[in-house]
file data29.txt (compact mmCIF, C-alpha atoms and all ligand atoms)
# COMPACT_ATOMS: atom_id res chain seq x y z
CA MET A 29 66.91 39.26 133.31
CA ALA A 30 70.59 40.24 133.13
CA THR A 31 73.02 37.48 132.31
CA MET A 32 76.72 36.87 132.88
CA ARG A 33 79.39 34.66 131.40
CA VAL A 34 80.99 31.95 133.52
CA ALA A 35 83.52 29.22 132.77
CA GLN A 36 82.13 26.03 134.29
CA ILE A 37 82.85 22.33 134.54
CA SER A 38 79.80 20.12 133.98
CA ARG A 39 81.20 16.72 134.96
CA PRO A 40 84.40 15.18 136.30
CA ASN A 41 87.15 15.55 133.67
CA GLY A 42 84.79 17.59 131.50
CA PRO A 43 86.04 20.69 129.66
CA LEU A 44 85.97 24.24 130.97
CA GLU A 45 83.06 25.66 128.97
CA THR A 46 81.98 29.29 128.75
CA VAL A 47 78.22 29.62 129.23
CA GLU A 48 75.66 32.35 129.95
CA ARG A 49 73.81 32.28 133.25
CA GLN A 50 71.46 34.57 135.09
CA ILE A 51 73.25 36.94 137.44
CA PRO A 52 72.34 35.59 140.90
CA ASP A 53 71.12 37.69 143.82
CA PRO A 54 72.81 37.39 147.22
CA GLY A 55 70.80 35.73 149.98
CA ALA A 56 70.94 36.65 153.67
CA GLY A 57 74.52 37.01 154.86
CA TRP A 58 76.00 36.87 151.34
CA VAL A 59 77.38 39.50 148.98
CA ARG A 60 77.64 39.64 145.21
CA ILE A 61 81.01 40.48 143.69
CA ARG A 62 81.67 41.80 140.19
CA VAL A 63 84.81 39.81 139.44
CA GLN A 64 87.77 41.66 137.91
CA ALA A 65 90.42 38.94 138.10
CA CYS A 66 90.71 35.34 139.29
CA GLY A 67 93.84 33.28 139.68
CA ILE A 68 94.02 29.71 138.44
CA CYS A 69 95.38 27.50 141.22
CA HIS A 70 96.55 23.90 141.02
CA SER A 71 93.78 23.04 143.50
CA ASP A 72 91.23 23.89 140.78
CA ALA A 73 92.11 20.43 139.49
CA LEU A 74 89.94 19.09 142.34
CA VAL A 75 86.94 20.52 140.46
CA LYS A 76 88.19 19.71 136.98
CA GLU A 77 88.96 16.09 137.86
CA GLY A 78 86.16 15.61 140.38
CA THR A 79 88.44 14.44 143.18
CA TYR A 80 86.98 16.70 145.89
CA PRO A 81 84.51 14.61 147.96
CA GLY A 82 80.85 15.42 147.36
CA ILE A 83 81.39 18.08 144.69
CA GLN A 84 78.25 18.99 142.72
CA TYR A 85 78.19 19.91 139.01
CA PRO A 86 78.04 22.13 137.09
CA ARG A 87 80.60 24.05 139.12
CA VAL A 88 82.45 27.31 138.44
CA PRO A 89 86.01 26.99 139.83
CA GLY A 90 88.18 29.80 141.15
CA HIS A 91 89.29 30.72 144.67
CA GLU A 92 91.73 33.56 143.93
CA VAL A 93 89.14 36.22 143.34
CA ALA A 94 89.53 40.01 143.17
CA GLY A 95 86.65 42.35 142.40
CA VAL A 96 84.12 44.85 143.68
CA ILE A 97 81.04 44.24 145.84
CA ASP A 98 78.01 45.25 143.79
CA SER A 99 75.13 43.94 145.91
CA VAL A 100 74.69 42.99 149.56
CA GLY A 101 72.16 40.53 151.00
CA THR A 102 70.11 41.14 154.13
CA GLY A 103 71.82 40.94 157.50
CA VAL A 104 75.32 41.72 156.18
CA ALA A 105 77.18 44.11 158.49
CA GLY A 106 80.30 46.01 157.49
CA TRP A 107 80.25 45.50 153.72
CA GLN A 108 78.84 47.82 151.08
CA PRO A 109 78.58 48.00 147.31
CA GLY A 110 81.66 49.65 145.81
CA GLN A 111 84.21 48.10 148.17
CA ARG A 112 87.18 46.42 146.50
CA VAL A 113 87.50 42.89 147.86
CA GLY A 114 89.07 39.48 147.45
CA VAL A 115 87.88 35.93 148.20
CA GLY A 116 90.26 33.02 148.77
CA TRP A 117 90.21 29.26 149.43
CA ASN A 118 88.39 29.60 152.75
CA GLY A 119 84.78 30.00 151.69
CA GLY A 120 83.56 31.45 154.99
CA TYR A 121 82.64 30.07 158.40
CA CYS A 122 79.53 29.83 160.56
CA GLY A 123 80.80 31.48 163.75
CA HIS A 124 78.93 29.11 166.07
CA CYS A 125 80.26 25.56 165.62
CA GLU A 126 82.70 24.23 168.19
CA GLN A 127 85.80 25.01 166.07
CA CYS A 128 84.59 28.55 165.37
CA ARG A 129 83.85 29.07 169.08
CA ARG A 130 87.45 28.03 169.83
CA GLY A 131 88.69 30.61 167.35
CA GLU A 132 89.73 28.02 164.77
CA LEU A 133 87.61 29.55 162.04
CA PHE A 134 89.57 27.81 159.28
CA ALA A 135 88.34 24.44 160.60
CA CYS A 136 84.64 25.40 160.64
CA VAL A 137 82.45 22.30 160.30
CA THR A 138 80.60 23.82 157.34
CA GLY A 139 83.80 23.25 155.33
CA GLN A 140 82.92 25.88 152.75
CA VAL A 141 85.49 26.22 149.97
CA THR A 142 85.21 28.91 147.32
CA GLY A 143 84.81 27.50 143.82
CA ILE A 144 84.30 23.99 145.19
CA THR A 145 81.33 23.88 147.57
CA TYR A 146 79.84 26.94 145.82
CA ASP A 147 80.60 28.68 142.52
CA GLY A 148 83.83 30.65 142.34
CA GLY A 149 85.55 33.35 140.37
CA TYR A 150 85.89 32.07 136.78
CA ALA A 151 82.90 34.34 136.15
CA GLU A 152 81.73 37.90 135.68
CA TYR A 153 79.87 37.75 138.99
CA MET A 154 79.95 35.47 142.01
CA LEU A 155 78.29 35.21 145.41
CA ALA A 156 80.25 34.80 148.64
CA PRO A 157 79.35 34.67 152.34
CA ALA A 158 80.36 37.93 154.04
CA SER A 159 82.73 35.97 156.30
CA ALA A 160 84.79 34.96 153.23
CA VAL A 161 85.48 38.52 152.04
CA ALA A 162 88.76 40.45 152.47
CA LEU A 163 89.38 44.14 151.76
CA MET A 164 91.65 44.83 148.79
CA PRO A 165 93.83 47.94 149.19
CA ALA A 166 93.70 50.66 146.53
CA GLU A 167 97.42 50.20 145.73
CA LEU A 168 96.86 46.69 144.36
CA ALA A 169 95.44 46.10 140.89
CA PRO A 170 92.95 43.19 140.79
CA VAL A 171 95.34 41.11 138.69
CA GLU A 172 98.03 41.66 141.34
CA ALA A 173 95.73 40.86 144.26
CA ALA A 174 94.12 37.70 142.83
CA PRO A 175 97.02 35.23 143.21
CA LEU A 176 97.72 36.57 146.69
CA MET A 177 94.29 35.25 147.77
CA CYS A 178 95.56 31.65 147.81
CA ALA A 179 99.26 31.32 146.96
CA GLY A 180 100.06 34.60 148.72
CA VAL A 181 98.11 34.11 151.92
CA THR A 182 99.34 30.53 152.23
CA MET A 183 102.98 31.66 152.15
CA PHE A 184 102.52 34.82 154.19
CA ASN A 185 100.43 33.17 156.88
CA ALA A 186 102.65 30.08 157.12
CA LEU A 187 105.74 32.26 157.57
CA ARG A 188 104.25 34.65 160.10
CA ASN A 189 103.01 31.75 162.22
CA SER A 190 106.15 29.63 161.81
CA GLY A 191 107.88 30.70 165.02
CA ALA A 192 110.87 32.13 163.08
CA ARG A 193 112.11 35.52 164.23
CA PRO A 194 113.95 38.25 162.32
CA GLY A 195 117.49 37.11 161.60
CA ASP A 196 116.66 33.39 161.75
CA VAL A 197 117.61 31.13 158.87
CA VAL A 198 114.45 30.39 156.88
CA ALA A 199 114.69 28.19 153.80
CA VAL A 200 112.16 28.05 151.00
CA LEU A 201 112.19 24.75 149.12
CA GLY A 202 110.98 25.25 145.54
CA LEU A 203 110.88 28.50 143.60
CA GLY A 204 107.62 28.21 141.65
CA GLY A 205 104.26 29.89 142.19
CA LEU A 206 104.36 29.54 145.96
CA GLY A 207 108.13 29.70 146.43
CA HIS A 208 108.75 32.90 144.47
CA LEU A 209 106.27 34.61 146.79
CA GLY A 210 107.72 32.85 149.84
CA VAL A 211 111.23 34.17 149.27
CA GLN A 212 109.88 37.72 148.93
CA TYR A 213 107.73 37.52 152.08
CA ALA A 214 110.49 35.89 154.10
CA ALA A 215 112.97 38.59 153.06
CA LYS A 216 110.52 41.40 153.89
CA MET A 217 109.89 39.79 157.31
CA GLY A 218 113.59 40.05 158.10
CA PHE A 219 114.64 36.41 157.94
CA ARG A 220 117.94 35.20 156.51
CA VAL A 221 116.43 33.59 153.45
CA VAL A 222 117.81 30.52 151.73
CA GLY A 223 116.27 29.58 148.39
CA ILE A 224 116.52 25.89 147.43
CA ALA A 225 115.77 24.66 143.92
CA ARG A 226 117.16 22.45 141.20
CA GLY A 227 119.81 23.93 138.92
CA LYS A 228 122.28 26.77 138.99
CA ASP A 229 120.16 28.92 136.66
CA LYS A 230 117.64 29.88 139.36
CA GLU A 231 120.26 31.47 141.62
CA ALA A 232 120.16 35.00 140.18
CA PHE A 233 116.36 34.97 140.29
CA ALA A 234 116.31 33.76 143.92
CA ARG A 235 118.69 36.55 144.92
CA GLU A 236 116.61 39.15 143.07
CA LEU A 237 113.58 38.03 145.09
CA GLY A 238 115.51 38.58 148.33
CA ALA A 239 117.33 35.32 149.11
CA SER A 240 120.75 35.87 150.70
CA GLU A 241 121.83 32.29 149.92
CA TYR A 242 120.92 29.87 147.19
CA LEU A 243 121.30 26.09 147.23
CA ASP A 244 121.26 24.08 144.03
CA SER A 245 119.86 20.76 145.25
CA GLN A 246 121.27 18.95 142.19
CA ALA A 247 124.83 20.05 142.88
CA LYS A 248 124.99 19.76 146.67
CA ASP A 249 123.14 18.17 149.59
CA PRO A 250 120.82 20.98 150.76
CA ALA A 251 120.58 19.54 154.29
CA ALA A 252 124.37 19.60 154.77
CA GLU A 253 124.57 23.13 153.37
CA LEU A 254 121.85 24.37 155.75
CA LEU A 255 123.75 22.89 158.70
CA LYS A 256 126.80 24.94 157.64
CA LEU A 257 124.58 28.03 158.17
CA GLY A 258 123.75 26.81 161.68
CA GLY A 259 120.63 24.85 160.67
CA ALA A 260 117.29 26.25 159.56
CA ARG A 261 114.75 27.50 162.07
CA VAL A 262 112.13 26.86 159.44
CA ILE A 263 112.10 25.17 156.06
CA VAL A 264 108.94 25.85 154.08
CA ALA A 265 108.42 23.07 151.55
CA THR A 266 106.41 24.34 148.57
CA VAL A 267 107.22 21.41 146.30
CA THR A 268 104.90 18.48 145.62
CA SER A 269 107.63 15.82 145.77
CA GLY A 270 107.75 13.90 149.03
CA ASP A 271 111.33 12.84 148.26
CA ALA A 272 112.44 16.46 147.92
CA MET A 273 110.77 17.22 151.27
CA SER A 274 112.45 14.25 152.95
CA ALA A 275 115.85 15.30 151.59
CA VAL A 276 115.94 18.63 153.46
CA GLN A 277 114.80 17.57 156.96
CA GLY A 278 118.40 16.99 158.04
CA GLY A 279 119.02 20.73 157.54
CA LEU A 280 116.77 21.73 160.43
CA GLY A 281 118.45 23.33 163.43
CA VAL A 282 117.49 22.65 167.05
CA ASN A 283 113.75 23.28 167.50
CA GLY A 284 113.50 23.68 163.75
CA THR A 285 110.27 23.13 161.85
CA LEU A 286 109.71 21.64 158.43
CA LEU A 287 106.54 23.41 157.32
CA LEU A 288 104.67 21.63 154.55
CA ILE A 289 102.44 23.58 152.20
CA GLY A 290 103.03 21.57 149.01
CA ALA A 291 100.45 18.81 148.56
CA ALA A 292 102.70 15.75 148.31
CA HIS A 293 101.10 12.34 148.92
CA SER A 294 103.70 10.98 151.33
CA MET A 295 107.19 11.52 152.65
CA GLN A 296 109.79 9.80 154.83
CA VAL A 297 110.45 11.31 158.24
CA SER A 298 113.21 10.34 160.66
CA PRO A 299 111.80 10.12 164.21
CA MET A 300 115.40 10.10 165.56
CA LEU A 301 116.10 13.41 163.88
CA LEU A 302 112.91 14.92 165.29
CA LEU A 303 113.28 13.81 168.88
CA ALA A 304 117.02 14.40 169.18
CA GLY A 305 116.69 18.07 168.24
CA ARG A 306 113.07 18.63 169.27
CA ARG A 307 112.36 19.22 165.61
CA SER A 308 108.93 19.04 164.04
CA VAL A 309 107.16 18.50 160.77
CA LYS A 310 103.85 20.26 160.38
CA GLY A 311 101.38 21.39 157.78
CA TRP A 312 99.78 24.76 157.28
CA TYR A 313 96.28 25.68 156.09
CA SER A 314 96.23 28.83 154.01
CA GLY A 315 94.07 31.17 156.11
CA THR A 316 90.71 32.86 156.54
CA SER A 317 89.52 36.16 155.12
CA ILE A 318 91.25 38.33 157.72
CA ASP A 319 94.55 36.54 156.99
CA SER A 320 94.02 37.29 153.30
CA GLN A 321 93.30 40.91 154.14
CA ASP A 322 96.56 41.11 156.13
CA THR A 323 98.39 39.49 153.21
CA LEU A 324 97.06 42.04 150.72
CA ALA A 325 97.88 44.97 153.02
CA PHE A 326 101.41 43.69 153.71
CA SER A 327 102.02 43.03 150.02
CA ALA A 328 100.77 46.49 149.03
CA ARG A 329 103.09 48.17 151.53
CA SER A 330 106.17 45.99 151.13
CA GLY A 331 106.10 45.58 147.35
CA VAL A 332 105.69 41.79 147.32
CA ARG A 333 104.13 40.84 143.99
CA SER A 334 103.36 37.66 142.13
CA MET A 335 104.71 37.20 138.61
CA ASN A 336 101.68 36.37 136.48
CA GLU A 337 100.67 35.18 133.05
CA VAL A 338 97.33 36.74 132.18
CA PHE A 339 94.47 35.28 130.11
CA PRO A 340 90.95 36.68 129.50
CA LEU A 341 88.02 34.70 130.96
CA GLU A 342 87.07 33.45 127.46
CA ARG A 343 90.41 31.60 127.35
CA ALA A 344 90.02 29.98 130.78
CA SER A 345 90.58 26.53 129.33
CA GLU A 346 93.89 27.58 127.77
CA GLY A 347 94.91 29.29 131.01
CA TYR A 348 94.07 26.17 132.99
CA ASP A 349 96.18 23.99 130.68
CA ARG A 350 99.05 26.46 131.02
CA MET A 351 98.84 26.22 134.82
CA LEU A 352 98.70 22.43 134.65
CA SER A 353 101.77 22.29 132.36
CA GLY A 354 103.88 23.60 135.24
CA LYS A 355 105.60 25.94 132.79
CA ALA A 356 103.83 29.17 133.75
CA ARG A 357 106.01 31.86 135.32
CA PHE A 358 104.55 31.73 137.88
CA ARG A 359 100.83 32.12 138.46
CA VAL A 360 98.11 32.20 135.82
CA VAL A 361 95.43 34.85 136.26
CA LEU A 362 92.14 35.33 134.38
CA THR A 363 90.95 38.87 133.77
CA VAL A 364 87.24 39.54 133.53
CA GLY A 365 85.39 42.31 131.69
CA SER A 366 86.85 45.38 130.06
ZN ZN B 401 94.66 27.64 145.73
ZN ZN B 402 81.87 27.15 162.23
call {"tool": "encode", "arguments": {"input": "data29.txt", "output": "structure tokens", "more": "lines below"}}
Ligand SMILES: [Zn+2]
Ligand SMILES: [Zn+2]
result
Amino acid sequence: MATMRVAQISRPNGPLETVERQIPDPGAGWVRIRVQACGICHSDALVKEGTYPGIQYPRVPGHEVAGVIDSVGTGVAGWQPGQRVGVGWNGGYCGHCEQCRRGELFACVTGQVTGITYDGGYAEYMLAPASAVALMPAELAPVEAAPLMCAGVTMFNALRNSGARPGDVVAVLGLGGLGHLGVQYAAKMGFRVVGIARGKDKEAFARELGASEYLDSQAKDPAAELLKLGGARVIVATVTSGDAMSAVQGGLGVNGTLLLIGAAHSMQVSPMLLLAGRRSVKGWYSGTSIDSQDTLAFSARSGVRSMNEVFPLERASEGYDRMLSGKARFRVVLTVGS
């Protein structure tokens, strides 16, 4: 029986250990993917630390997967061996629960999450439901596509559904893994992009990515500066600090939206500010496989790319620690095989 290497977690707070396993066969409705690259996302800490409810061990993390379909289970329509594909956070949907029937596939009651409710991409092979699979365009190398399957689709899909129109002021709070992609997408979508981060040193970088303005939140009040530009139609908050999120809400224009994609625990919101200008604060879920497919296609055509630090699968533990340190510029990606 052929075997594969995977990097798994055996218990909450256990180490990432490389082990050999049998290569699994896809059941009905599932495909097998030969993994070429897998991004390491901060949400992988849910597996490492055991904080995701009901998680079962051992578990192989990884929901930023890029690879090639190499086997297809029975009853799978539209997918064949040899196709280049990606799999993201959304681990597929049933198609018949009430949420799916209303078109809200992301909220499917099955709640499948790649690398959490089933084994993910820190591996030479993985299985995925056909509904979780996105086509990867030929122009994108696997290592380029992988981080777009979570960080990329989250930014792209949040922006394209934000209500902002070309020419509107769109601010991106935070210029890390999510934010450096957000500035690029927002610029390519035709918004007037304002990058907000701490320190003067990030200004040149923000402008290179496509920001037309830059606000150093340590030197000036970002909310007041946004109002000088007429107020933001949308502020996308990629940071994980609730205080930093709260500090920018005053920069929203009339009907403006503060769109939260950073996983902060809490923040202060001013109801007066919201109701007086019909402003809103809302969250955004990354997206389903077709959103990921749109993200990859848009990125391939427009030149949006993630800046990555690359580690081989054997050094998954080191790569994970690098991600967790917050010092990576900007996403960490595992490469698999030769
Ligand atoms: Zn993620
Ligand atoms: Zn469903």
call {"tool": "residues_near_ligand", "arguments": {"input": "data29.txt", "ligand": "ligand ZN 402 (chain B)", "cutoff": "7 Å", "atoms": "all atoms listed in the file", "output": "PDB file with C-alpha atoms, in the coordinates of the input"}}
result
ATOM      1  CA  TYR A 121      82.640  30.070 158.400  1.00  0.00           C
ATOM      2  CA  CYS A 122      79.530  29.830 160.560  1.00  0.00           C
ATOM      3  CA  GLY A 123      80.800  31.480 163.750  1.00  0.00           C
ATOM      4  CA  HIS A 124      78.930  29.110 166.070  1.00  0.00           C
ATOM      5  CA  CYS A 125      80.260  25.560 165.620  1.00  0.00           C
ATOM      6  CA  GLU A 126      82.700  24.230 168.190  1.00  0.00           C
ATOM      7  CA  GLN A 127      85.800  25.010 166.070  1.00  0.00           C
ATOM      8  CA  CYS A 128      84.590  28.550 165.370  1.00  0.00           C
ATOM      9  CA  LEU A 133      87.610  29.550 162.040  1.00  0.00           C
ATOM     10  CA  CYS A 136      84.640  25.400 160.640  1.00  0.00           C
ATOM     11  CA  VAL A 137      82.450  22.300 160.300  1.00  0.00           C
ATOM     12  CA  THR A 138      80.600  23.820 157.340  1.00  0.00           C
TER      13      THR A 138
END
call {"tool": "closest_residue", "arguments": {"input": "data29.txt", "among": "A:His70, A:Arg350, A:His293, A:Arg261", "to": "Arg307 of chain A", "atoms": "only C-alpha atoms"}}
result
A:Arg261
call {"tool": "residues_around", "arguments": {"input": "data29.txt", "residues": "Gly116 of chain A", "least_positions_apart": "6", "cutoff": "6 Å", "atoms": "all atoms listed in the file", "output": "NGL selection string"}}
result
:A and (91-92 or 177-178)
call {"tool": "residues_near_ligand", "arguments": {"input": "data29.txt", "ligand": "ligand ZN 401 (chain B)", "cutoff": "10 Å", "atoms": "all atoms listed in the file", "output": "compact mmCIF listing (two decimals) with C-alpha atoms, keeping the file's coordinate frame"}}
result
# COMPACT_ATOMS: atom_id res chain seq x y z
CA GLY A 67 93.84 33.28 139.68
CA ILE A 68 94.02 29.71 138.44
CA CYS A 69 95.38 27.50 141.22
CA HIS A 70 96.55 23.90 141.02
CA SER A 71 93.78 23.04 143.50
CA ASP A 72 91.23 23.89 140.78
CA ALA A 73 92.11 20.43 139.49
CA GLY A 90 88.18 29.80 141.15
CA HIS A 91 89.29 30.72 144.67
CA GLU A 92 91.73 33.56 143.93
CA GLY A 116 90.26 33.02 148.77
CA TRP A 117 90.21 29.26 149.43
CA ASN A 118 88.39 29.60 152.75
CA THR A 142 85.21 28.91 147.32
CA PRO A 175 97.02 35.23 143.21
CA LEU A 176 97.72 36.57 146.69
CA MET A 177 94.29 35.25 147.77
CA CYS A 178 95.56 31.65 147.81
CA ALA A 179 99.26 31.32 146.96
CA GLY A 180 100.06 34.60 148.72
CA VAL A 181 98.11 34.11 151.92
CA THR A 182 99.34 30.53 152.23
CA LEU A 206 104.36 29.54 145.96
CA SER A 314 96.23 28.83 154.01
call {"tool": "residues_near_point", "arguments": {"input": "data29.txt", "point": "(85.2, 32.2, 135.8)", "cutoff": "9 Å", "atoms": "all atoms listed in the file", "output": "list in words"}}
result
Arg33, Val34, Ala35, Gln36, Thr46, Val63, Ala65, Cys66, Val88, Pro89, Gly90, Asp147, Gly148, Gly149, Tyr150, Ala151, Glu152, Tyr153, Met154, Leu341, Glu342, Ala344, Leu362 and Val364 of chain A
call {"tool": "write_last_selection", "arguments": {"input": "data29.txt", "atoms": "C-alpha atoms", "output": "PDB file, keeping the file's coordinate frame"}}
result
ATOM      1  CA  ARG A  33      79.390  34.660 131.400  1.00  0.00           C
ATOM      2  CA  VAL A  34      80.990  31.950 133.520  1.00  0.00           C
ATOM      3  CA  ALA A  35      83.520  29.220 132.770  1.00  0.00           C
ATOM      4  CA  GLN A  36      82.130  26.030 134.290  1.00  0.00           C
ATOM      5  CA  THR A  46      81.980  29.290 128.750  1.00  0.00           C
ATOM      6  CA  VAL A  63      84.810  39.810 139.440  1.00  0.00           C
ATOM      7  CA  ALA A  65      90.420  38.940 138.100  1.00  0.00           C
ATOM      8  CA  CYS A  66      90.710  35.340 139.290  1.00  0.00           C
ATOM      9  CA  VAL A  88      82.450  27.310 138.440  1.00  0.00           C
ATOM     10  CA  PRO A  89      86.010  26.990 139.830  1.00  0.00           C
ATOM     11  CA  GLY A  90      88.180  29.800 141.150  1.00  0.00           C
ATOM     12  CA  ASP A 147      80.600  28.680 142.520  1.00  0.00           C
ATOM     13  CA  GLY A 148      83.830  30.650 142.340  1.00  0.00           C
ATOM     14  CA  GLY A 149      85.550  33.350 140.370  1.00  0.00           C
ATOM     15  CA  TYR A 150      85.890  32.070 136.780  1.00  0.00           C
ATOM     16  CA  ALA A 151      82.900  34.340 136.150  1.00  0.00           C
ATOM     17  CA  GLU A 152      81.730  37.900 135.680  1.00  0.00           C
ATOM     18  CA  TYR A 153      79.870  37.750 138.990  1.00  0.00           C
ATOM     19  CA  MET A 154      79.950  35.470 142.010  1.00  0.00           C
ATOM     20  CA  LEU A 341      88.020  34.700 130.960  1.00  0.00           C
ATOM     21  CA  GLU A 342      87.070  33.450 127.460  1.00  0.00           C
ATOM     22  CA  ALA A 344      90.020  29.980 130.780  1.00  0.00           C
ATOM     23  CA  LEU A 362      92.140  35.330 134.380  1.00  0.00           C
ATOM     24  CA  VAL A 364      87.240  39.540 133.530  1.00  0.00           C
TER      25      VAL A 364
END
call {"tool": "atom_distance", "arguments": {"input": "data29.txt", "atom1": "atom CA of Ser38 of chain A", "atom2": "atom CA of Val141 of chain A"}}
result
18.0 Å
call {"tool": "closest_residue", "arguments": {"input": "data29.txt", "among": "A:Arg226, A:Val47, A:Val264, A:Val198", "to": "Ala247 of chain A", "atoms": "all atoms listed in the file"}}
result
A:Arg226
call {"tool": "atom_distance", "arguments": {"input": "data29.txt", "atom1": "atom CA of Gln64 of chain A", "atom2": "atom CA of Pro86 of chain A"}}
result
21.8 Å
call {"tool": "residues_near_point", "arguments": {"input": "data29.txt", "point": "(75.5, 34.0, 138.6)", "cutoff": "7 Å", "atoms": "all atoms listed in the file", "output": "list in words"}}
result
Met32, Arg49, Gln50, Ile51, Pro52, Tyr153 and Met154 of chain A
call {"tool": "residues_around", "arguments": {"input": "data29.txt", "residues": "Leu163 of chain A", "least_positions_apart": "6", "cutoff": "10 Å", "atoms": "all atoms listed in the file", "output": "list in words"}}
result
Ala94, Gly95, Val96, Trp107, Gln111, Arg112, Val113, Gly114, Val115, Ser317, Ile318, Ser320, Gln321, Asp322, Leu324 and Ala325 of chain A
call {"tool": "atom_distance", "arguments": {"input": "data29.txt", "atom1": "atom CA of Thr285 of chain A", "atom2": "atom CA of Arg357 of chain A"}}
result
28.3 Å
call {"tool": "residues_around", "arguments": {"input": "data29.txt", "residues": "Gly207 of chain A", "least_positions_apart": "3", "cutoff": "9 Å", "atoms": "all atoms listed in the file", "output": "list in words"}}
result
Met183, Val200, Leu201, Gly202, Leu203, Gly204, Gly210, Val211, Gln212, Gly223, Val264, Ala265, Thr266 and Val267 of chain A
call {"tool": "closest_residue", "arguments": {"input": "data29.txt", "among": "A:Leu168, A:Val361, A:Ala328, A:Ile61", "to": "Pro340 of chain A", "atoms": "all atoms listed in the file"}}
result
A:Val361
call {"tool": "decode", "arguments": {"input": "data29.txt", "residues": "segment 89-100 of chain A", "atoms": "N, CA, C and O atoms", "output": "PDB file, in the first residue's frame"}}
result
ATOM      1  N   PRO A  89      -3.643  19.889   9.744  1.00  0.00           N
ATOM      2  CA  PRO A  89      -4.179  21.229   9.457  1.00  0.00           C
ATOM      3  C   PRO A  89      -3.955  21.614   7.990  1.00  0.00           C
ATOM      4  O   PRO A  89      -3.351  20.862   7.226  1.00  0.00           O
ATOM      5  N   GLY A  90      -4.411  22.820   7.655  1.00  0.00           N
ATOM      6  CA  GLY A  90      -4.117  23.373   6.336  1.00  0.00           C
ATOM      7  C   GLY A  90      -5.343  23.600   5.470  1.00  0.00           C
ATOM      8  O   GLY A  90      -5.951  22.646   4.993  1.00  0.00           O
ATOM      9  N   HIS A  91      -5.711  24.887   5.288  1.00  0.00           N
ATOM     10  CA  HIS A  91      -6.866  25.216   4.454  1.00  0.00           C
ATOM     11  C   HIS A  91      -6.502  26.236   3.371  1.00  0.00           C
ATOM     12  O   HIS A  91      -7.347  27.021   2.942  1.00  0.00           O
ATOM     13  N   GLU A  92      -5.229  26.256   2.989  1.00  0.00           N
ATOM     14  CA  GLU A  92      -4.804  27.106   1.859  1.00  0.00           C
ATOM     15  C   GLU A  92      -4.068  26.189   0.892  1.00  0.00           C
ATOM     16  O   GLU A  92      -2.864  26.271   0.716  1.00  0.00           O
ATOM     17  N   VAL A  93      -4.839  25.320   0.269  1.00  0.00           N
ATOM     18  CA  VAL A  93      -4.265  24.196  -0.465  1.00  0.00           C
ATOM     19  C   VAL A  93      -4.235  24.468  -1.970  1.00  0.00           C
ATOM     20  O   VAL A  93      -5.208  24.970  -2.535  1.00  0.00           O
ATOM     21  N   ALA A  94      -3.113  24.136  -2.607  1.00  0.00           N
ATOM     22  CA  ALA A  94      -3.031  24.161  -4.075  1.00  0.00           C
ATOM     23  C   ALA A  94      -2.416  22.858  -4.534  1.00  0.00           C
ATOM     24  O   ALA A  94      -1.432  22.391  -3.944  1.00  0.00           O
ATOM     25  N   GLY A  95      -2.998  22.241  -5.559  1.00  0.00           N
ATOM     26  CA  GLY A  95      -2.476  20.962  -6.030  1.00  0.00           C
ATOM     27  C   GLY A  95      -3.179  20.500  -7.288  1.00  0.00           C
ATOM     28  O   GLY A  95      -3.747  21.312  -8.034  1.00  0.00           O
ATOM     29  N   VAL A  96      -3.131  19.182  -7.490  1.00  0.00           N
ATOM     30  CA  VAL A  96      -3.689  18.588  -8.709  1.00  0.00           C
ATOM     31  C   VAL A  96      -4.590  17.427  -8.303  1.00  0.00           C
ATOM     32  O   VAL A  96      -4.190  16.598  -7.480  1.00  0.00           O
ATOM     33  N   ILE A  97      -5.788  17.359  -8.881  1.00  0.00           N
ATOM     34  CA  ILE A  97      -6.669  16.212  -8.628  1.00  0.00           C
ATOM     35  C   ILE A  97      -6.004  14.963  -9.192  1.00  0.00           C
ATOM     36  O   ILE A  97      -5.565  14.973 -10.351  1.00  0.00           O
ATOM     37  N   ASP A  98      -5.895  13.910  -8.385  1.00  0.00           N
ATOM     38  CA  ASP A  98      -5.296  12.686  -8.940  1.00  0.00           C
ATOM     39  C   ASP A  98      -6.225  11.484  -8.856  1.00  0.00           C
ATOM     40  O   ASP A  98      -5.919  10.430  -9.401  1.00  0.00           O
ATOM     41  N   SER A  99      -7.385  11.642  -8.206  1.00  0.00           N
ATOM     42  CA  SER A  99      -8.367  10.557  -8.177  1.00  0.00           C
ATOM     43  C   SER A  99      -9.731  11.150  -7.820  1.00  0.00           C
ATOM     44  O   SER A  99      -9.805  12.103  -7.049  1.00  0.00           O
ATOM     45  N   VAL A 100     -10.767  10.580  -8.416  1.00  0.00           N
ATOM     46  CA  VAL A 100     -12.118  11.120  -8.245  1.00  0.00           C
ATOM     47  C   VAL A 100     -13.044  10.011  -7.775  1.00  0.00           C
ATOM     48  O   VAL A 100     -13.056   8.922  -8.352  1.00  0.00           O
TER      49      VAL A 100
END
